[in-house]
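coords27.pdb, holding PDB, C-alpha atoms:
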```
ATOM      1  CA  MET J   1     179.996 -93.336  72.264
ATOM      2  CA  ALA J   2     182.090 -95.834  74.154
ATOM      3  CA  TYR J   3     184.898 -97.363  72.091
ATOM      4  CA  ARG J   4     186.334-100.832  71.976
ATOM      5  CA  ILE J   5     190.058-100.424  71.353
ATOM      6  CA  MET J   6     193.012-102.718  70.881
ATOM      7  CA  ILE J   7     196.613-101.730  71.621
ATOM      8  CA  VAL J   8     199.315-103.885  70.028
ATOM      9  CA  ASP J   9     202.789-103.277  71.444
ATOM     10  CA  ASP J  10     205.411-105.551  72.973
ATOM     11  CA  SER J  11     206.019-103.016  75.745
ATOM     12  CA  PRO J  12     203.442-103.276  78.580
ATOM     13  CA  SER J  13     204.440 -99.811  79.800
ATOM     14  CA  MET J  14     203.806 -98.321  76.355
ATOM     15  CA  ARG J  15     200.394 -99.995  76.242
ATOM     16  CA  ALA J  16     199.588 -98.533  79.661
ATOM     17  CA  PHE J  17     200.711 -95.077  78.528
ATOM     18  CA  VAL J  18     198.607 -95.174  75.356
ATOM     19  CA  ARG J  19     195.601 -96.417  77.323
ATOM     20  CA  ARG J  20     195.974 -93.542  79.764
ATOM     21  CA  VAL J  21     196.303 -90.939  77.000
ATOM     22  CA  ILE J  22     193.169 -92.241  75.299
ATOM     23  CA  ALA J  23     191.212 -92.031  78.540
ATOM     24  CA  LEU J  24     192.521 -88.543  79.315
ATOM     25  CA  SER J  25     191.642 -87.415  75.798
ATOM     26  CA  GLY J  26     187.960 -87.772  76.572
ATOM     27  CA  PHE J  27     187.326 -90.968  74.625
ATOM     28  CA  GLU J  28     185.111 -93.273  76.622
ATOM     29  CA  VAL J  29     186.616 -96.744  76.553
ATOM     30  CA  GLU J  30     184.266 -99.703  76.844
ATOM     31  CA  VAL J  31     186.929-102.356  76.351
ATOM     32  CA  CYS J  32     190.699-102.161  75.925
ATOM     33  CA  LEU J  33     192.332-105.281  74.517
ATOM     34  CA  ASN J  34     196.114-105.675  74.852
ATOM     35  CA  ALA J  35     198.319-107.664  72.514
ATOM     36  CA  GLY J  36     202.105-108.053  72.560
ATOM     37  CA  ASN J  37     202.452-108.564  68.799
ATOM     38  CA  GLY J  38     200.501-109.116  65.591
ATOM     39  CA  VAL J  39     199.892-112.809  66.245
ATOM     40  CA  GLU J  40     198.250-112.055  69.572
ATOM     41  CA  GLY J  41     196.304-109.214  67.996
ATOM     42  CA  LEU J  42     194.852-111.402  65.235
ATOM     43  CA  ALA J  43     193.927-114.086  67.765
ATOM     44  CA  LEU J  44     192.020-111.573  69.885
ATOM     45  CA  LEU J  45     190.179-110.233  66.847
ATOM     46  CA  GLU J  46     188.823-113.691  66.029
ATOM     47  CA  ASN J  47     186.499-113.457  69.026
ATOM     48  CA  GLN J  48     186.238-109.765  69.823
ATOM     49  CA  ALA J  49     185.112-106.750  67.842
ATOM     50  CA  VAL J  50     187.017-103.455  68.167
ATOM     51  CA  ASP J  51     186.439 -99.923  66.842
ATOM     52  CA  ILE J  52     190.109 -98.996  66.447
ATOM     53  CA  ILE J  53     193.557-100.602  66.624
ATOM     54  CA  LEU J  54     196.713 -98.798  67.726
ATOM     55  CA  THR J  55     199.849-100.732  66.810
ATOM     56  CA  ASP J  56     203.605-100.517  67.105
ATOM     57  CA  ILE J  57     205.780-101.676  64.175
ATOM     58  CA  ASN J  58     208.868-103.213  65.763
ATOM     59  CA  MET J  59     207.564-106.293  67.589
ATOM     60  CA  PRO J  60     208.647-109.949  67.888
ATOM     61  CA  GLU J  61     206.865-112.836  66.108
ATOM     62  CA  MET J  62     204.748-110.607  63.867
ATOM     63  CA  ASN J  63     205.659-106.973  63.335
ATOM     64  CA  GLY J  64     203.292-104.126  62.547
ATOM     65  CA  GLU J  65     203.765-104.335  58.771
ATOM     66  CA  GLU J  66     202.799-107.985  58.591
ATOM     67  CA  PHE J  67     199.965-107.368  61.026
ATOM     68  CA  LEU J  68     198.557-104.663  58.724
ATOM     69  CA  ARG J  69     198.889-106.976  55.695
ATOM     70  CA  ARG J  70     196.950-109.694  57.484
ATOM     71  CA  LEU J  71     194.242-107.248  58.530
ATOM     72  CA  GLU J  72     193.876-106.042  54.931
ATOM     73  CA  GLU J  73     193.528-109.628  53.684
ATOM     74  CA  HIS J  74     190.694-110.332  56.094
ATOM     75  CA  GLU J  75     187.172-109.444  55.018
ATOM     76  CA  ARG J  76     186.014-108.374  58.482
ATOM     77  CA  PHE J  77     189.234-106.938  59.895
ATOM     78  CA  ARG J  78     190.099-104.635  56.990
ATOM     79  CA  ALA J  79     187.322-102.219  57.962
ATOM     80  CA  ILE J  80     188.876-101.516  61.385
ATOM     81  CA  PRO J  81     190.780 -98.211  61.434
ATOM     82  CA  VAL J  82     194.438 -98.608  62.437
ATOM     83  CA  VAL J  83     196.753 -95.968  63.887
ATOM     84  CA  VAL J  84     200.469 -96.809  63.885
ATOM     85  CA  ILE J  85     202.644 -95.625  66.772
ATOM     86  CA  SER J  86     206.346 -96.022  66.043
ATOM     87  CA  THR J  87     209.859 -94.736  66.742
ATOM     88  CA  ASP J  88     210.387 -94.760  62.967
ATOM     89  CA  ALA J  89     209.611 -91.203  61.890
ATOM     90  CA  THR J  90     210.742 -91.553  58.277
ATOM     91  CA  GLU J  91     208.460 -90.536  55.408
ATOM     92  CA  ASN J  92     209.124 -93.827  53.616
ATOM     93  CA  ARG J  93     207.959 -95.901  56.530
ATOM     94  CA  MET J  94     204.939 -93.697  57.094
ATOM     95  CA  HIS J  95     203.887 -93.939  53.442
ATOM     96  CA  ARG J  96     204.383 -97.697  53.430
ATOM     97  CA  MET J  97     202.181 -98.144  56.500
ATOM     98  CA  LEU J  98     199.493 -95.864  55.047
ATOM     99  CA  GLU J  99     199.629 -97.813  51.772
ATOM    100  CA  LEU J 100     199.157-101.016  53.745
ATOM    101  CA  GLY J 101     195.933 -99.624  55.157
ATOM    102  CA  ALA J 102     196.805 -97.605  58.246
ATOM    103  CA  GLN J 103     194.667 -94.508  58.661
ATOM    104  CA  GLY J 104     196.933 -92.676  61.078
ATOM    105  CA  TYR J 105     200.569 -92.499  62.128
ATOM    106  CA  VAL J 106     202.117 -91.089  65.287
ATOM    107  CA  ALA J 107     205.899 -90.958  65.639
ATOM    108  CA  LYS J 108     207.508 -91.455  69.047
ATOM    109  CA  PRO J 109     208.239 -89.419  71.055
ATOM    110  CA  PHE J 110     204.764 -87.960  71.008
ATOM    111  CA  SER J 111     202.849 -85.740  73.353
ATOM    112  CA  PRO J 112     199.406 -86.784  74.615
ATOM    113  CA  GLU J 113     198.000 -83.945  72.468
ATOM    114  CA  ALA J 114     199.548 -85.426  69.304
ATOM    115  CA  LEU J 115     197.939 -88.806  69.890
ATOM    116  CA  ARG J 116     194.639 -87.199  70.780
ATOM    117  CA  GLY J 117     194.737 -85.199  67.543
ATOM    118  CA  GLU J 118     195.314 -88.317  65.471
ATOM    119  CA  LEU J 119     192.516 -90.181  67.259
ATOM    120  CA  GLU J 120     190.124 -87.302  66.656
ATOM    121  CA  ARG J 121     191.098 -87.249  62.980
ATOM    122  CA  VAL J 122     190.336 -90.963  62.644
ATOM    123  CA  LEU J 123     187.398 -91.400  65.040
ATOM    124  CA  GLY J 124     185.992 -87.895  65.233
ATOM    125  CA  GLU J 125     185.814 -85.811  68.383
ATOM    126  CA  PRO J 126     185.050 -87.716  71.572
ATOM    127  CA  ASN J 127     181.374 -87.761  72.478
ATOM    128  CA  ALA J 128     180.527 -85.793  69.319
TER     129      ALA J 128
ATOM    130  CA  MET P 129     231.960 -90.513  64.361
ATOM    131  CA  HIS P 130     232.239 -88.412  67.488
ATOM    132  CA  ASN P 131     231.687 -84.780  66.703
ATOM    133  CA  MET P 132     229.814 -81.721  67.813
ATOM    134  CA  GLU P 133     226.925 -82.298  65.422
ATOM    135  CA  THR P 134     226.334 -85.823  66.729
ATOM    136  CA  GLU P 135     226.500 -84.537  70.290
ATOM    137  CA  GLN P 136     223.950 -81.820  69.503
ATOM    138  CA  TRP P 137     221.492 -84.278  67.946
ATOM    139  CA  LEU P 138     221.969 -86.669  70.852
ATOM    140  CA  SER P 139     221.378 -83.884  73.299
ATOM    141  CA  SER P 140     218.263 -82.405  71.683
ATOM    142  CA  ALA P 141     216.637 -85.753  70.931
ATOM    143  CA  ALA P 142     217.185 -87.191  74.407
ATOM    144  CA  ALA P 143     215.897 -84.051  76.129
ATOM    145  CA  ASP P 144     212.885 -83.973  73.800
ATOM    146  CA  VAL P 145     211.930 -87.550  74.670
ATOM    147  CA  LEU P 146     212.346 -86.944  78.403
ATOM    148  CA  GLU P 147     210.191 -83.855  78.331
ATOM    149  CA  THR P 148     207.535 -84.757  75.742
ATOM    150  CA  THR P 149     206.597 -88.319  76.577
ATOM    151  CA  PHE P 150     208.120 -89.020  79.995
ATOM    152  CA  PHE P 151     207.133 -85.670  81.546
ATOM    153  CA  SER P 152     210.622 -85.215  83.038
ATOM    154  CA  PRO P 153     211.946 -81.750  82.175
ATOM    155  CA  VAL P 154     215.717 -81.406  82.012
ATOM    156  CA  MET P 155     217.080 -79.057  84.683
ATOM    157  CA  GLU P 156     220.678 -79.197  83.587
ATOM    158  CA  GLU P 157     222.770 -80.920  80.955
ATOM    159  CA  ALA P 158     226.447 -81.798  81.185
ATOM    160  CA  PRO P 159     229.089 -84.223  79.976
ATOM    161  CA  VAL P 160     228.901 -87.654  81.612
ATOM    162  CA  SER P 161     231.185 -87.861  84.623
ATOM    163  CA  GLY P 162     231.781 -90.296  87.461
ATOM    164  CA  MET P 163     230.647 -93.813  88.164
ATOM    165  CA  PRO P 164     226.966 -94.763  88.464
ATOM    166  CA  CYS P 165     225.386 -94.682  91.916
ATOM    167  CA  GLU P 166     224.201 -97.862  93.590
ATOM    168  CA  GLY P 167     220.831 -98.966  92.262
ATOM    169  CA  ALA P 168     221.317 -97.405  88.830
ATOM    170  CA  LEU P 169     219.699 -99.081  85.829
ATOM    171  CA  ALA P 170     220.973 -99.310  82.277
ATOM    172  CA  ALA P 171     219.316-100.475  79.051
ATOM    173  CA  ARG P 172     220.900-100.980  75.660
ATOM    174  CA  LEU P 173     219.757-101.709  72.128
ATOM    175  CA  GLN P 174     221.548-102.277  68.861
ATOM    176  CA  PHE P 175     220.610-100.621  65.590
ATOM    177  CA  SER P 176     221.414-101.261  61.951
ATOM    178  CA  GLY P 177     220.567 -99.651  58.630
ATOM    179  CA  ALA P 178     222.031 -96.436  57.269
ATOM    180  CA  ARG P 179     224.329 -96.605  60.299
ATOM    181  CA  SER P 180     224.904 -99.325  62.835
ATOM    182  CA  GLY P 181     225.888 -99.233  66.463
ATOM    183  CA  ALA P 182     224.466 -99.274  69.961
ATOM    184  CA  PHE P 183     222.510 -96.910  72.137
ATOM    185  CA  THR P 184     222.598 -97.069  75.929
ATOM    186  CA  VAL P 185     220.713 -95.241  78.657
ATOM    187  CA  ARG P 186     221.884 -95.278  82.273
ATOM    188  CA  VAL P 187     219.533 -93.884  84.913
ATOM    189  CA  THR P 188     220.082 -93.353  88.633
ATOM    190  CA  GLU P 189     217.678 -95.155  90.948
ATOM    191  CA  GLY P 190     215.734 -92.034  91.913
ATOM    192  CA  ALA P 191     215.391 -90.788  88.362
ATOM    193  CA  ALA P 192     214.277 -94.229  87.164
ATOM    194  CA  ARG P 193     211.489 -94.361  89.746
ATOM    195  CA  VAL P 194     210.269 -90.858  88.904
ATOM    196  CA  ILE P 195     210.363 -91.451  85.148
ATOM    197  CA  ALA P 196     208.450 -94.730  85.526
ATOM    198  CA  ALA P 197     205.874 -93.143  87.834
ATOM    199  CA  SER P 198     205.351 -90.234  85.418
ATOM    200  CA  PHE P 199     205.032 -92.512  82.413
ATOM    201  CA  LEU P 200     202.682 -94.950  84.118
ATOM    202  CA  ALA P 201     200.851 -92.242  86.094
ATOM    203  CA  GLU P 202     201.397 -94.033  89.371
ATOM    204  CA  GLU P 203     200.898 -91.078  91.672
ATOM    205  CA  THR P 204     200.252 -92.891  94.911
ATOM    206  CA  ASP P 205     201.865 -96.304  94.577
ATOM    207  CA  GLU P 206     205.492 -96.899  93.728
ATOM    208  CA  PRO P 207     205.926 -98.689  90.425
ATOM    209  CA  ALA P 208     207.167-102.257  90.858
ATOM    210  CA  PRO P 209     210.863-102.848  90.053
ATOM    211  CA  GLU P 210     209.893-104.798  86.924
ATOM    212  CA  GLN P 211     207.738-101.890  85.754
ATOM    213  CA  VAL P 212     210.612 -99.455  86.322
ATOM    214  CA  GLN P 213     212.949-101.681  84.300
ATOM    215  CA  GLU P 214     210.407-101.982  81.513
ATOM    216  CA  VAL P 215     209.904 -98.219  81.334
ATOM    217  CA  ILE P 216     213.661 -97.614  81.169
ATOM    218  CA  CYS P 217     213.863-100.069  78.268
ATOM    219  CA  GLU P 218     211.063 -98.139  76.522
ATOM    220  CA  LEU P 219     212.885 -94.879  77.242
ATOM    221  CA  SER P 220     216.020 -96.225  75.552
ATOM    222  CA  ASN P 221     213.990 -97.427  72.566
ATOM    223  CA  MET P 222     212.292 -94.080  72.107
ATOM    224  CA  MET P 223     215.479 -92.063  72.589
ATOM    225  CA  CYS P 224     217.398 -94.213  70.121
ATOM    226  CA  GLY P 225     214.723 -93.775  67.452
ATOM    227  CA  ALA P 226     214.604 -90.028  68.041
ATOM    228  CA  VAL P 227     218.394 -89.637  67.846
ATOM    229  CA  LEU P 228     218.746 -91.707  64.676
ATOM    230  CA  SER P 229     215.897 -89.944  62.897
ATOM    231  CA  ARG P 230     217.665 -86.618  63.536
ATOM    232  CA  LEU P 231     221.109 -87.874  62.605
ATOM    233  CA  ASP P 232     219.917 -89.303  59.281
ATOM    234  CA  ARG P 233     216.598 -87.777  58.367
ATOM    235  CA  GLY P 234     214.722 -90.142  56.069
ATOM    236  CA  ALA P 235     217.022 -93.123  56.565
ATOM    237  CA  HIS P 236     215.592 -96.460  57.705
ATOM    238  CA  PHE P 237     216.919 -98.217  60.788
ATOM    239  CA  ASP P 238     216.134-101.514  62.452
ATOM    240  CA  LEU P 239     216.220-101.395  66.236
ATOM    241  CA  SER P 240     216.701-104.442  68.427
ATOM    242  CA  THR P 241     214.642-105.020  71.566
ATOM    243  CA  PRO P 242     216.247-103.133  74.484
ATOM    244  CA  VAL P 243     217.821-105.252  77.220
ATOM    245  CA  LEU P 244     219.039-104.380  80.688
ATOM    246  CA  VAL P 245     222.818-104.266  81.042
ATOM    247  CA  ASP P 246     225.267-103.794  83.901
ATOM    248  CA  PRO P 247     225.380-100.036  84.611
ATOM    249  CA  LEU P 248     229.059-100.355  85.536
ATOM    250  CA  GLU P 249     229.900-101.531  82.043
ATOM    251  CA  VAL P 250     228.144 -98.816  80.089
ATOM    252  CA  ALA P 251     230.777 -96.217  79.338
ATOM    253  CA  THR P 252     232.923 -96.621  76.266
ATOM    254  CA  ALA P 253     235.573 -94.205  75.127
ATOM    255  CA  GLN P 254     234.212 -94.354  71.564
ATOM    256  CA  ALA P 255     230.679 -93.329  72.507
ATOM    257  CA  THR P 256     229.224 -89.848  72.281
ATOM    258  CA  SER P 257     227.541 -89.197  75.606
ATOM    259  CA  ARG P 258     225.539 -86.621  77.544
ATOM    260  CA  ALA P 259     224.025 -86.504  81.023
ATOM    261  CA  PHE P 260     220.744 -84.877  82.019
ATOM    262  CA  ASP P 261     219.768 -83.810  85.514
ATOM    263  CA  ILE P 262     215.992 -84.179  85.873
ATOM    264  CA  GLY P 263     215.866 -83.056  89.475
ATOM    265  CA  ASP P 264     215.388 -86.485  91.021
ATOM    266  CA  GLY P 265     218.538 -87.932  89.540
ATOM    267  CA  GLU P 266     220.499 -88.284  86.351
ATOM    268  CA  VAL P 267     219.885 -89.806  82.948
ATOM    269  CA  ALA P 268     223.027 -90.516  80.936
ATOM    270  CA  VAL P 269     222.902 -91.490  77.258
ATOM    271  CA  TYR P 270     225.601 -93.097  75.119
ATOM    272  CA  LEU P 271     225.577 -93.371  71.345
ATOM    273  CA  HIS P 272     228.129 -95.703  69.811
ATOM    274  CA  LEU P 273     228.399 -95.643  66.021
ATOM    275  CA  ASP P 274     230.285 -98.439  64.266
ATOM    276  CA  ASP P 275     233.026 -97.347  61.886
TER     277      ASP P 275
END
```
Spit out the file's structure as structure tokens when you get a sec.
Amino acid sequence: MAYRIMIVDDSPSMRAFVRRVIALSGFEVEVCLNAGNGVEGLALLENQAVDIILTDINMPEMNGEEFLRRLEEHERFRAIPVVVISTDATENRMHRMLELGAQGYVAKPFSPEALRGELERVLGEPNA
Amino acid sequence: MHNMETEQWLSSAAADVLETTFFSPVMEEAPVSGMPCEGALAARLQFSGARSGAFTVRVTEGAARVIAASFLAEETDEPAPEQVQEVICELSNMMCGAVLSRLDRGAHFDLSTPVLVDPLEVATAQATSRAFDIGDGEVAVYLHLDD
């Protein structure tokens, strides 16, 4: 299966790194949408369907928490699995993001294997 | 605060970030010494929460290029200067988060967006600092905690 993914992070280099890890993990990527914050992410989702969203928390204009809230409020968007990637490794933050609807959480710094493991947990094994 | 425990957390967290996500194993670690070489880059961010202060990373030109190339997987082409700067900002962001989460496990912090600063104006006497030789140059980190 080829996946349509969206990466939401204000750091272009982080988006490039995540994109590379996904590709190296064996997940076939049909489309990769890039957004610099939650506002841009929501705008892209209005016209494009995705299979999974990977989002940072600390971003300008609309952070990851608000982005997750908006996704949950939306009838179509709430079904999209979300994996949070953040420097905040605290249990409180992780629980809050999971309560808001995230299905996965990866704390930075992370190895490519850690992200791959979380993707497999959420999406299943690549090409399974 | 400027004690051995802080220095140990700074040291382990910074080395972990370099090795795990930026694929730049630390060859040697030492106290920061000397002035930065020409072409060095520095990025700083502020943090607040359970503690407040600033975190700064200063990287020599060669180390910055290698770190950016490793992170972006640019094996044949040199990363553009803007890409190198952006990766060093991300490095500072990730290192700061890793250090703070080890210093105060479970505490919440807000991190500002990293910005580039003058590498000549990085060192402060109040900061806890360490330097890491990654083979192609040096990465120096400075943690300043407000009183």
I need the residue set behind the PyMOL selection byres ((chain P) within 12 of (chain J)) for this file; please write it as a ChimeraX atom specification.
/P:141-151,195-202,207-208,210-242
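Every protein or nucleic acid residue with an atom no more than 7 Å from Met62 of chain J, counting only C-alpha atoms and leaving out same-chain residues fewer than 5 positions away, appears here: J:Asn37, J:Gly38, J:Val39, J:Phe67.
Atom CA of Glu99 of chain J sits 28.0 Å away from atom CA of Val31 of chain J.
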Please provide as a JSON list (two decimals) with C-alpha atoms, in the frame of the given file all residues within 8 Å of Ala191 of chain P, with the sequence filter that same-chain residues fewer than 2 positions apart are discarded (counting all atoms listed in the file).
```json
[["chain", "number", "residue", "atom", "x", "y", "z"],
["P", 187, "VAL", "CA", 219.53, -93.88, 84.91],
["P", 188, "THR", "CA", 220.08, -93.35, 88.63],
["P", 189, "GLU", "CA", 217.68, -95.16, 90.95],
["P", 193, "ARG", "CA", 211.49, -94.36, 89.75],
["P", 194, "VAL", "CA", 210.27, -90.86, 88.90],
["P", 195, "ILE", "CA", 210.36, -91.45, 85.15],
["P", 262, "ILE", "CA", 215.99, -84.18, 85.87],
["P", 263, "GLY", "CA", 215.87, -83.06, 89.48],
["P", 264, "ASP", "CA", 215.39, -86.48, 91.02],
["P", 265, "GLY", "CA", 218.54, -87.93, 89.54],
["P", 266, "GLU", "CA", 220.50, -88.28, 86.35],
["P", 267, "VAL", "CA", 219.88, -89.81, 82.95]]
```
Exercise: Ile5 of chain J partners within 12 Å, only C-alpha atoms, chain neighbours under 3 positions left out, as a PyMOL selection string:
chain J and resi 2+8+15+18-19+22-23+27-35+41+44-45+48-55+80-83+119+123
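Comparing the minimum interatomic distances between Gly36 of chain J and each of J:Val122, J:Ile85, J:Leu98, J:Met6, counting only C-alpha atoms, we find that J:Met6 sits nearest.
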May I have the residues within 12 Å of Glu73 of chain J as a PyMOL selection string, using all atoms listed in the file and disregarding those fewer than 5 positions away in the same chain?
chain J and resi 42+66-68+78-79+100-101
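Residue nearest Pro209 of chain P, chosen from P:Leu271, P:Glu156, P:Val245, P:Gly167 and counting all atoms listed in the file: P:Gly167.
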Kindly complete segment 110-120 of chain J to all heavy atoms; the output should be written as a short mmCIF file (atom, residue, chain, number, x, y, z; two decimals), in the coordinates of the input.
```
data_model
loop_
_atom_site.label_atom_id
_atom_site.label_comp_id
_atom_site.auth_asym_id
_atom_site.auth_seq_id
_atom_site.Cartn_x
_atom_site.Cartn_y
_atom_site.Cartn_z
N PHE J 110 205.94 -88.76 71.31
CA PHE J 110 204.76 -87.96 71.01
C PHE J 110 204.16 -87.43 72.30
O PHE J 110 204.30 -88.04 73.36
CB PHE J 110 203.73 -88.79 70.24
CG PHE J 110 203.24 -89.99 71.00
CD1 PHE J 110 202.17 -89.89 71.87
CD2 PHE J 110 203.85 -91.22 70.85
CE1 PHE J 110 201.71 -90.99 72.57
CE2 PHE J 110 203.40 -92.33 71.56
CZ PHE J 110 202.34 -92.21 72.42
N SER J 111 203.53 -86.30 72.19
CA SER J 111 202.85 -85.74 73.35
C SER J 111 201.44 -86.33 73.40
O SER J 111 200.92 -86.79 72.37
CB SER J 111 202.76 -84.22 73.22
OG SER J 111 201.96 -83.91 72.11
N PRO J 112 200.80 -86.33 74.55
CA PRO J 112 199.41 -86.78 74.61
C PRO J 112 198.52 -86.04 73.61
O PRO J 112 197.61 -86.62 73.02
CB PRO J 112 199.01 -86.47 76.06
CG PRO J 112 200.29 -86.56 76.82
CD PRO J 112 201.33 -86.00 75.89
N GLU J 113 198.81 -84.75 73.40
CA GLU J 113 198.00 -83.94 72.47
C GLU J 113 198.13 -84.47 71.03
O GLU J 113 197.15 -84.46 70.27
CB GLU J 113 198.43 -82.48 72.51
CG GLU J 113 198.12 -81.76 73.81
CD GLU J 113 199.05 -82.15 74.96
OE1 GLU J 113 200.18 -82.62 74.68
OE2 GLU J 113 198.65 -82.00 76.12
N ALA J 114 199.34 -84.92 70.66
CA ALA J 114 199.55 -85.43 69.30
C ALA J 114 198.73 -86.69 69.07
O ALA J 114 198.11 -86.86 68.01
CB ALA J 114 201.03 -85.70 69.07
N LEU J 115 198.71 -87.57 70.05
CA LEU J 115 197.94 -88.81 69.89
C LEU J 115 196.44 -88.49 69.88
O LEU J 115 195.68 -89.04 69.08
CB LEU J 115 198.26 -89.80 71.01
CG LEU J 115 197.51 -91.13 70.95
CD1 LEU J 115 197.73 -91.85 69.63
CD2 LEU J 115 197.92 -92.05 72.11
N ARG J 116 196.06 -87.59 70.74
CA ARG J 116 194.64 -87.20 70.78
C ARG J 116 194.21 -86.64 69.42
O ARG J 116 193.13 -86.97 68.91
CB ARG J 116 194.42 -86.15 71.87
CG ARG J 116 192.99 -85.68 71.90
CD ARG J 116 192.75 -84.53 72.83
NE ARG J 116 191.35 -84.10 72.72
CZ ARG J 116 190.66 -83.53 73.66
NH1 ARG J 116 191.21 -83.28 74.82
NH2 ARG J 116 189.41 -83.19 73.49
N GLY J 117 195.05 -85.79 68.84
CA GLY J 117 194.74 -85.20 67.54
C GLY J 117 194.55 -86.25 66.47
O GLY J 117 193.62 -86.17 65.64
N GLU J 118 195.41 -87.25 66.48
CA GLU J 118 195.31 -88.32 65.47
C GLU J 118 194.06 -89.17 65.69
O GLU J 118 193.38 -89.55 64.74
CB GLU J 118 196.58 -89.18 65.53
CG GLU J 118 196.85 -90.01 64.29
CD GLU J 118 197.17 -89.16 63.05
OE1 GLU J 118 197.08 -87.92 63.10
OE2 GLU J 118 197.49 -89.77 62.01
N LEU J 119 193.73 -89.42 66.96
CA LEU J 119 192.52 -90.18 67.26
C LEU J 119 191.27 -89.42 66.82
O LEU J 119 190.32 -90.01 66.28
CB LEU J 119 192.44 -90.50 68.75
CG LEU J 119 193.44 -91.52 69.29
CD1 LEU J 119 193.38 -91.60 70.81
CD2 LEU J 119 193.17 -92.89 68.69
N GLU J 120 191.29 -88.11 67.05
CA GLU J 120 190.12 -87.30 66.66
C GLU J 120 189.99 -87.28 65.13
O GLU J 120 188.89 -87.27 64.59
CB GLU J 120 190.27 -85.90 67.19
CG GLU J 120 190.00 -85.79 68.68
CD GLU J 120 190.08 -84.38 69.22
OE1 GLU J 120 190.41 -83.45 68.45
OE2 GLU J 120 189.83 -84.20 70.42
#
```
